[in-house]
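Engineer: Below is the structure I would like to discuss, written out as structure tokens.
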Amino acid sequence: MENNKAYLGSEKYIASDELISSVNVAASLNRPLLIKGEPGTGKTMLALSVAENLKMKLIIWNIKSTTKAQDGLYVYDTVQRLYDSQFGEGDVRDIKQYIKLGKLGDAFTSEERVVLLIDEIDKADIEFPNDLLWELDQMNFYIPETGEIVTAKRRPIVVITSNAEKELPDAFLRRCVFHYIAFPDQEMMKQIIKVHYPELENNLVRAAVNAFYSIRSLPGIQKKPSTSELLDWVQALAIGGIDPHLIEKEMPMPGVLLKKDNDMEIWKRKFGGGAADARAAAKKNITGYWRS
Amino acid sequence: MFTSLFYGLRREGVNVSLIEWLTLMEALQRGLANSSLISFYFLARSLLIKSESQYDAYDRAFLEIFKDIETPPEIIAEALKWLEHSAPARLMEQEDKRPDLNWDLDELKRKLAERLAQQTEEHHGGGNWVGTGGTSPFGHSGYNPAGVRIGGESLNRSAVKVAAERHYRDFRTDETLTTRQFEMALRKLRLLSTSVDGERDVLDLDATVDATGRNAGMLELVWDRERKNKIKLILLMDSGGSMNAYQRLCSQLFNAANKSTHFHDLQFYFFHNCWYETIYNDPYCSDRNSISTYDFLRQYGYDYRLIIVGDASMAASEILMPYGALSWWATNEEPGQKWMQRLAGHFEHSVWLNPIPEKYWGMVEGSYTISLVREVFPMFELTIDGLNAAVKKLKVKK
């Protein structure tokens, strides 16, 4: 392995063996690692954890709907150059000083091996991944304005996350190591809570996790609560001093877990005892497809 | 090496390319599989499979090829009897597991044969005999760093059984879908929304600055087309009767469409089995809240995309005969087929989504009417694959 160090997971981040092996495979084959998974399964946290564990610098490139591939390579600041030419400042003939490297460029020019996180690649235009094929494969790019070629000094570990909002192109996928982070099972979830709140009592954690999974499995829930919401909920329960025995029966503080009106109604019908309220609400909500 | 896996995957419908296969070979050459089958399983999966919806296909292909690498069955037959009444499973914390790499399969087999020869009854929770919940290398629900699991379920994952468990069954794309997945599929309709026609009448500021800069400060204006979603969609849904069985599925589609904000216009209408002179505004299909089909056609231009959802299963007379409608009071002078053709002719883009899986279309009760409807509308099944195909169809004119 290039850096003779393997990623082992870190204290604050519980990674499954498969995930750890995927990271190491990607790192040693120098391929980008594509991470998919439900929201809240810790896709972004993985890159932080890799960087921390391998003691590398982390460069984060947050993708937005307007991001273009070019932004990651370099930006040619023509406006600055225009100003300078009009006011006679700086050396306008030296184009180099108007070339500003983007995140990918930063990662390539770094002296040390870095971890590059391309976060939520599916947010960008559908052609975005294709525009980066060459750069991620060959780890270099050409700046026509200066005739320079920027080549990676140390090939960075590239972690790419996707929420599957858009289909990624096949040619791009072929070059990636892929890992799908499944939603953690109950055992793993307890471990995750332990890592974040080591001082919590076992029976509180157990009851909360059980309740959490039973809410997730309710039929008709539109936005299933995720790990981060469970962590908030557990903390809220602990601070509120709720008796662990009541958690599974009453499901207190559902607002932390459920974020949609519809889901709240389902919760009410199931645990709130307010069946009449639910019916009234259902009447108001006539936009449903089915006659009730 | 392992080329049978390559072809096995392709047989399961996973389009593994040579690039990915060579990458796997490179990884194997570098010893990334640690000469263990479980590592190989995960290594090959991460390199060959690029979507969680194909994990299940991978599991099936893997099982097909490596199924023979298992505990010898004759041992199971003898020992399973002792293992039927099991002690509670022993789960280990990850850090308590001490992987014993210093074991030898032959040695283990020999010991197991020895135990089997000596053991005459059940043992649970111990460290020597074949049993459950203990630390003996033989049995199930226990923990031994180098053990032979006999029957039972893998708890601590020391045995290669992961593929057989097929955890990712639910992610197959030909399974029916959830609201979010519906939304994802509908969102693809946005693809066609970036307009390629229309006037270039919006000032592209960035490009203007760029061009002016390149032009050494002489102003140069760049115009661009406005990007707007032009998709207008009508969802026409069958309600009641034989659709009862698909209520949840259709509700999910309704919710997903209702939530998508990216359409220029989105309308919902309802019908029962087939539509005639009237189309209904709500799923109760009452005349009080309805619209004449001719008005409907006048109101919505040909550029609306029409998605019809229904099982297309009814009596043939409802489509073929005048006055054939299911409703007692129906007065349709023209057969349903005529009305279907009228809508299909009016809208340039239309599809029919059927909650009945495609493979049953020829076999179910309504197979005759399904075939009649398919003559008029392109029909797709209501799954992710089907919806994607339908969306693709909606992008091109018939």
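Each chain of the structure tokens is named A, B, ... in the order shown, its residues numbered from 1; ligands are numbered from 1 in display order.
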Segment 69-277 of chain A: which residues are helix (DSSP H, G or I) by DSSP, as JSON, numbers by chain?

Structural biologist: {"A": [69, 70, 71, 72, 73, 78, 79, 80, 81, 82, 83, 84, 85, 86, 87, 95, 96, 97, 98, 103, 104, 105, 106, 107, 108, 109, 121, 122, 123, 128, 129, 130, 131, 133, 134, 135, 136, 137, 138, 170, 171, 172, 173, 174, 186, 187, 188, 189, 190, 191, 192, 193, 194, 195, 196, 202, 203, 204, 205, 206, 207, 208, 209, 210, 211, 212, 213, 214, 215, 216, 227, 228, 229, 230, 231, 232, 233, 234, 235, 236, 237, 238, 239, 240, 244, 245, 246, 247, 248, 249, 250, 254, 255, 256, 261, 262, 263, 264, 265, 266, 267, 268, 269, 270, 271, 272, 275, 276, 277]}

Engineer: Next, the residues of the selection above should be written as a short mmCIF file (atom, residue, chain, number, x, y, z; two decimals), in the first residue's frame with C-alpha atoms.

Structural biologist:
```
data_model
loop_
_atom_site.label_atom_id
_atom_site.label_comp_id
_atom_site.auth_asym_id
_atom_site.auth_seq_id
_atom_site.Cartn_x
_atom_site.Cartn_y
_atom_site.Cartn_z
CA ALA A 69 -16.71 20.47 -13.04
CA GLN A 70 -14.53 23.39 -14.05
CA ASP A 71 -15.04 25.01 -10.63
CA GLY A 72 -13.17 22.16 -9.01
CA LEU A 73 -10.17 22.47 -11.30
CA THR A 78 -10.99 37.48 -15.84
CA VAL A 79 -12.75 40.26 -14.00
CA GLN A 80 -9.77 40.89 -11.75
CA ARG A 81 -7.53 40.94 -14.79
CA LEU A 82 -9.86 43.40 -16.49
CA TYR A 83 -9.74 45.70 -13.48
CA ASP A 84 -6.00 45.48 -13.28
CA SER A 85 -5.62 46.30 -16.94
CA GLN A 86 -7.84 49.34 -16.63
CA PHE A 87 -6.19 50.69 -13.50
CA ILE A 95 -1.97 35.18 -16.57
CA LYS A 96 -0.80 32.75 -13.92
CA GLN A 97 -1.70 35.06 -11.07
CA TYR A 98 -5.31 35.13 -12.25
CA LYS A 103 -10.69 22.02 -4.60
CA LEU A 104 -9.54 19.32 -6.99
CA GLY A 105 -6.59 21.48 -8.00
CA ASP A 106 -5.73 22.00 -4.32
CA ALA A 107 -5.81 18.27 -3.73
CA PHE A 108 -3.53 17.64 -6.71
CA THR A 109 -0.95 20.23 -5.79
CA ILE A 121 -22.22 14.60 -6.34
CA ASP A 122 -25.77 13.87 -7.44
CA LYS A 123 -26.81 17.44 -6.65
CA PHE A 128 -21.10 16.68 -14.02
CA PRO A 129 -19.53 13.28 -13.22
CA ASN A 130 -18.67 12.70 -16.87
CA ASP A 131 -16.83 16.00 -16.99
CA LEU A 133 -13.78 11.36 -15.70
CA TRP A 134 -10.37 12.21 -17.06
CA GLU A 135 -9.29 14.24 -14.08
CA LEU A 136 -10.19 11.53 -11.57
CA ASP A 137 -8.74 8.76 -13.72
CA GLN A 138 -5.46 10.37 -14.72
CA ASP A 170 -22.05 4.23 -16.33
CA ALA A 171 -18.64 5.34 -17.55
CA PHE A 172 -18.16 7.13 -14.25
CA LEU A 173 -19.39 4.20 -12.19
CA ARG A 174 -17.00 1.81 -13.91
CA GLN A 186 -30.12 -2.64 16.16
CA GLU A 187 -26.84 -3.93 17.55
CA MET A 188 -24.80 -1.53 15.52
CA MET A 189 -27.15 1.31 16.39
CA LYS A 190 -26.57 0.67 20.10
CA GLN A 191 -22.82 0.82 19.47
CA ILE A 192 -23.22 4.09 17.62
CA ILE A 193 -25.17 5.60 20.51
CA LYS A 194 -22.55 4.33 22.95
CA VAL A 195 -19.82 6.05 20.98
CA HIS A 196 -21.63 9.37 21.06
CA ASN A 202 -28.12 0.63 28.89
CA ASN A 203 -31.84 0.19 29.41
CA LEU A 204 -32.59 3.69 28.16
CA VAL A 205 -30.57 3.03 25.02
CA ARG A 206 -32.17 -0.35 24.48
CA ALA A 207 -35.70 0.99 24.89
CA ALA A 208 -35.02 3.96 22.63
CA VAL A 209 -33.50 1.81 19.92
CA ASN A 210 -36.42 -0.62 20.04
CA ALA A 211 -38.91 2.24 19.85
CA PHE A 212 -36.94 3.82 17.03
CA TYR A 213 -37.02 0.68 14.90
CA SER A 214 -40.70 0.14 15.53
CA ILE A 215 -41.40 3.69 14.34
CA ARG A 216 -39.29 3.09 11.26
CA THR A 227 -29.43 7.96 12.85
CA SER A 228 -28.85 11.63 13.59
CA GLU A 229 -32.47 12.04 14.64
CA LEU A 230 -32.21 9.04 16.93
CA LEU A 231 -29.10 10.52 18.54
CA ASP A 232 -30.98 13.76 19.18
CA TRP A 233 -33.93 11.85 20.52
CA VAL A 234 -31.87 9.75 22.91
CA GLN A 235 -30.27 12.87 24.25
CA ALA A 236 -33.64 14.57 24.61
CA LEU A 237 -34.96 11.53 26.48
CA ALA A 238 -31.98 11.52 28.81
CA ILE A 239 -32.23 15.23 29.52
CA GLY A 240 -35.97 14.97 30.03
CA PRO A 244 -37.07 3.94 30.11
CA HIS A 245 -40.11 1.71 30.70
CA LEU A 246 -42.40 4.35 29.25
CA ILE A 247 -40.41 4.95 26.10
CA GLU A 248 -41.67 2.02 24.09
CA LYS A 249 -45.23 2.43 25.30
CA GLU A 250 -45.69 6.16 24.89
CA PRO A 254 -42.01 12.39 18.65
CA GLY A 255 -41.24 15.78 17.16
CA VAL A 256 -37.54 15.00 17.31
CA ASP A 261 -47.48 16.17 9.33
CA ASN A 262 -48.54 12.91 7.78
CA ASP A 263 -46.05 10.89 9.80
CA MET A 264 -47.15 12.68 12.96
CA GLU A 265 -50.74 11.61 12.25
CA ILE A 266 -49.68 8.02 11.90
CA TRP A 267 -47.80 8.30 15.18
CA LYS A 268 -50.85 9.79 16.87
CA ARG A 269 -53.07 7.01 15.63
CA LYS A 270 -50.62 4.44 16.92
CA PHE A 271 -49.41 5.89 20.20
CA GLY A 272 -51.13 9.17 20.93
CA ALA A 275 -57.86 8.47 17.29
CA ALA A 276 -60.63 11.07 16.99
CA ASP A 277 -58.11 13.81 16.24
#
```

Engineer: Contacts between chain B and chain A, please, where a residue of chain A counts if it comes within 10 Å (with only C-alpha atoms); show its shortest atom pair and distance in Å to one decimal, rows by chain and ascending number, as CSV.

Structural biologist:
```
residue,atom,partner,partner_atom,distance
A:Met1,CA,B:Arg30,CA,8.7
A:Asp17,CA,B:Phe42,CA,9.3
A:Glu18,CA,B:Phe42,CA,6.2
A:Leu19,CA,B:Phe42,CA,8.9
A:Ser21,CA,B:Leu43,CA,7.4
A:Ser22,CA,B:Ser46,CA,6.4
A:Val23,CA,B:Ser46,CA,9.7
A:Asn24,CA,B:Leu32,CA,8.5
A:Val25,CA,B:Leu32,CA,6.8
A:Ala26,CA,B:Leu47,CA,9.0
A:Ser28,CA,B:Ala27,CA,8.4
A:Leu29,CA,B:Ala27,CA,7.0
A:Arg31,CA,B:Thr23,CA,9.5
A:Leu33,CA,B:Ser46,CA,9.1
A:Leu34,CA,B:Lys50,CA,8.6
A:Ile35,CA,B:Lys50,CA,9.9
A:Lys36,CA,B:Glu52,CA,8.2
A:Gly37,CA,B:Glu52,CA,8.7
A:Tyr76,CA,B:Asp210,CA,9.0
A:Asp77,CA,B:Asp210,CA,8.6
A:Thr78,CA,B:Gly213,CA,5.2
A:Val79,CA,B:Gly213,CA,6.2
A:Gln80,CA,B:Gly213,CA,8.9
A:Arg81,CA,B:Gly213,CA,7.4
A:Leu82,CA,B:Gly213,CA,5.7
A:Tyr83,CA,B:Gly217,CA,8.7
A:Ser85,CA,B:Ala216,CA,8.2
A:Gln86,CA,B:Gly217,CA,8.1
A:Ile126,CA,B:Leu191,CA,8.7
A:Ala164,CA,B:Met184,CA,8.1
A:Glu165,CA,B:Met184,CA,6.1
A:Lys166,CA,B:Met184,CA,7.5
A:Glu167,CA,B:Lys188,CA,8.9
A:Leu168,CA,B:Lys50,CA,9.7
A:Asp170,CA,B:Lys50,CA,8.8
A:Ala171,CA,B:Ile19,CA,9.9
A:Leu173,CA,B:Lys50,CA,6.3
A:Arg174,CA,B:Glu20,CA,6.1
A:Arg175,CA,B:Glu20,CA,7.3
A:Cys176,CA,B:Leu47,CA,7.3
A:Val177,CA,B:Leu47,CA,5.0
A:Phe178,CA,B:Ser46,CA,4.8
A:His179,CA,B:Ser46,CA,5.7
A:Tyr180,CA,B:Glu52,CA,6.0
A:Ile181,CA,B:Glu52,CA,9.1
A:Ala182,CA,B:Tyr168,CA,8.9
A:Glu187,CA,B:Glu93,CA,9.8
A:Gln191,CA,B:Glu93,CA,9.5
A:Pro219,CA,B:Arg248,CA,9.7
A:Gly220,CA,B:Arg248,CA,8.3
A:Ile221,CA,B:Thr179,CA,9.4
A:Gln222,CA,B:Thr179,CA,6.8
A:Lys223,CA,B:Arg180,CA,8.4
A:Ile286,CA,B:Asp282,CA,9.0
A:Thr287,CA,B:Asp282,CA,8.6
A:Gly288,CA,B:Ser251,CA,7.1
A:Tyr289,CA,B:Ser251,CA,5.4
A:Trp290,CA,B:Pro283,CA,6.3
A:Arg291,CA,B:Pro283,CA,6.4
A:Ser292,CA,B:Tyr284,CA,9.8
```

Engineer: Select, from A:Pro32, A:Gly147, A:Pro39, A:Pro225, the residue with the minimum atom-to-atom distance to Ile118 of chain A, counting only C-alpha atoms.

Structural biologist: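 Among the listed residues, A:Pro32 lies closest to Ile118 of chain A.
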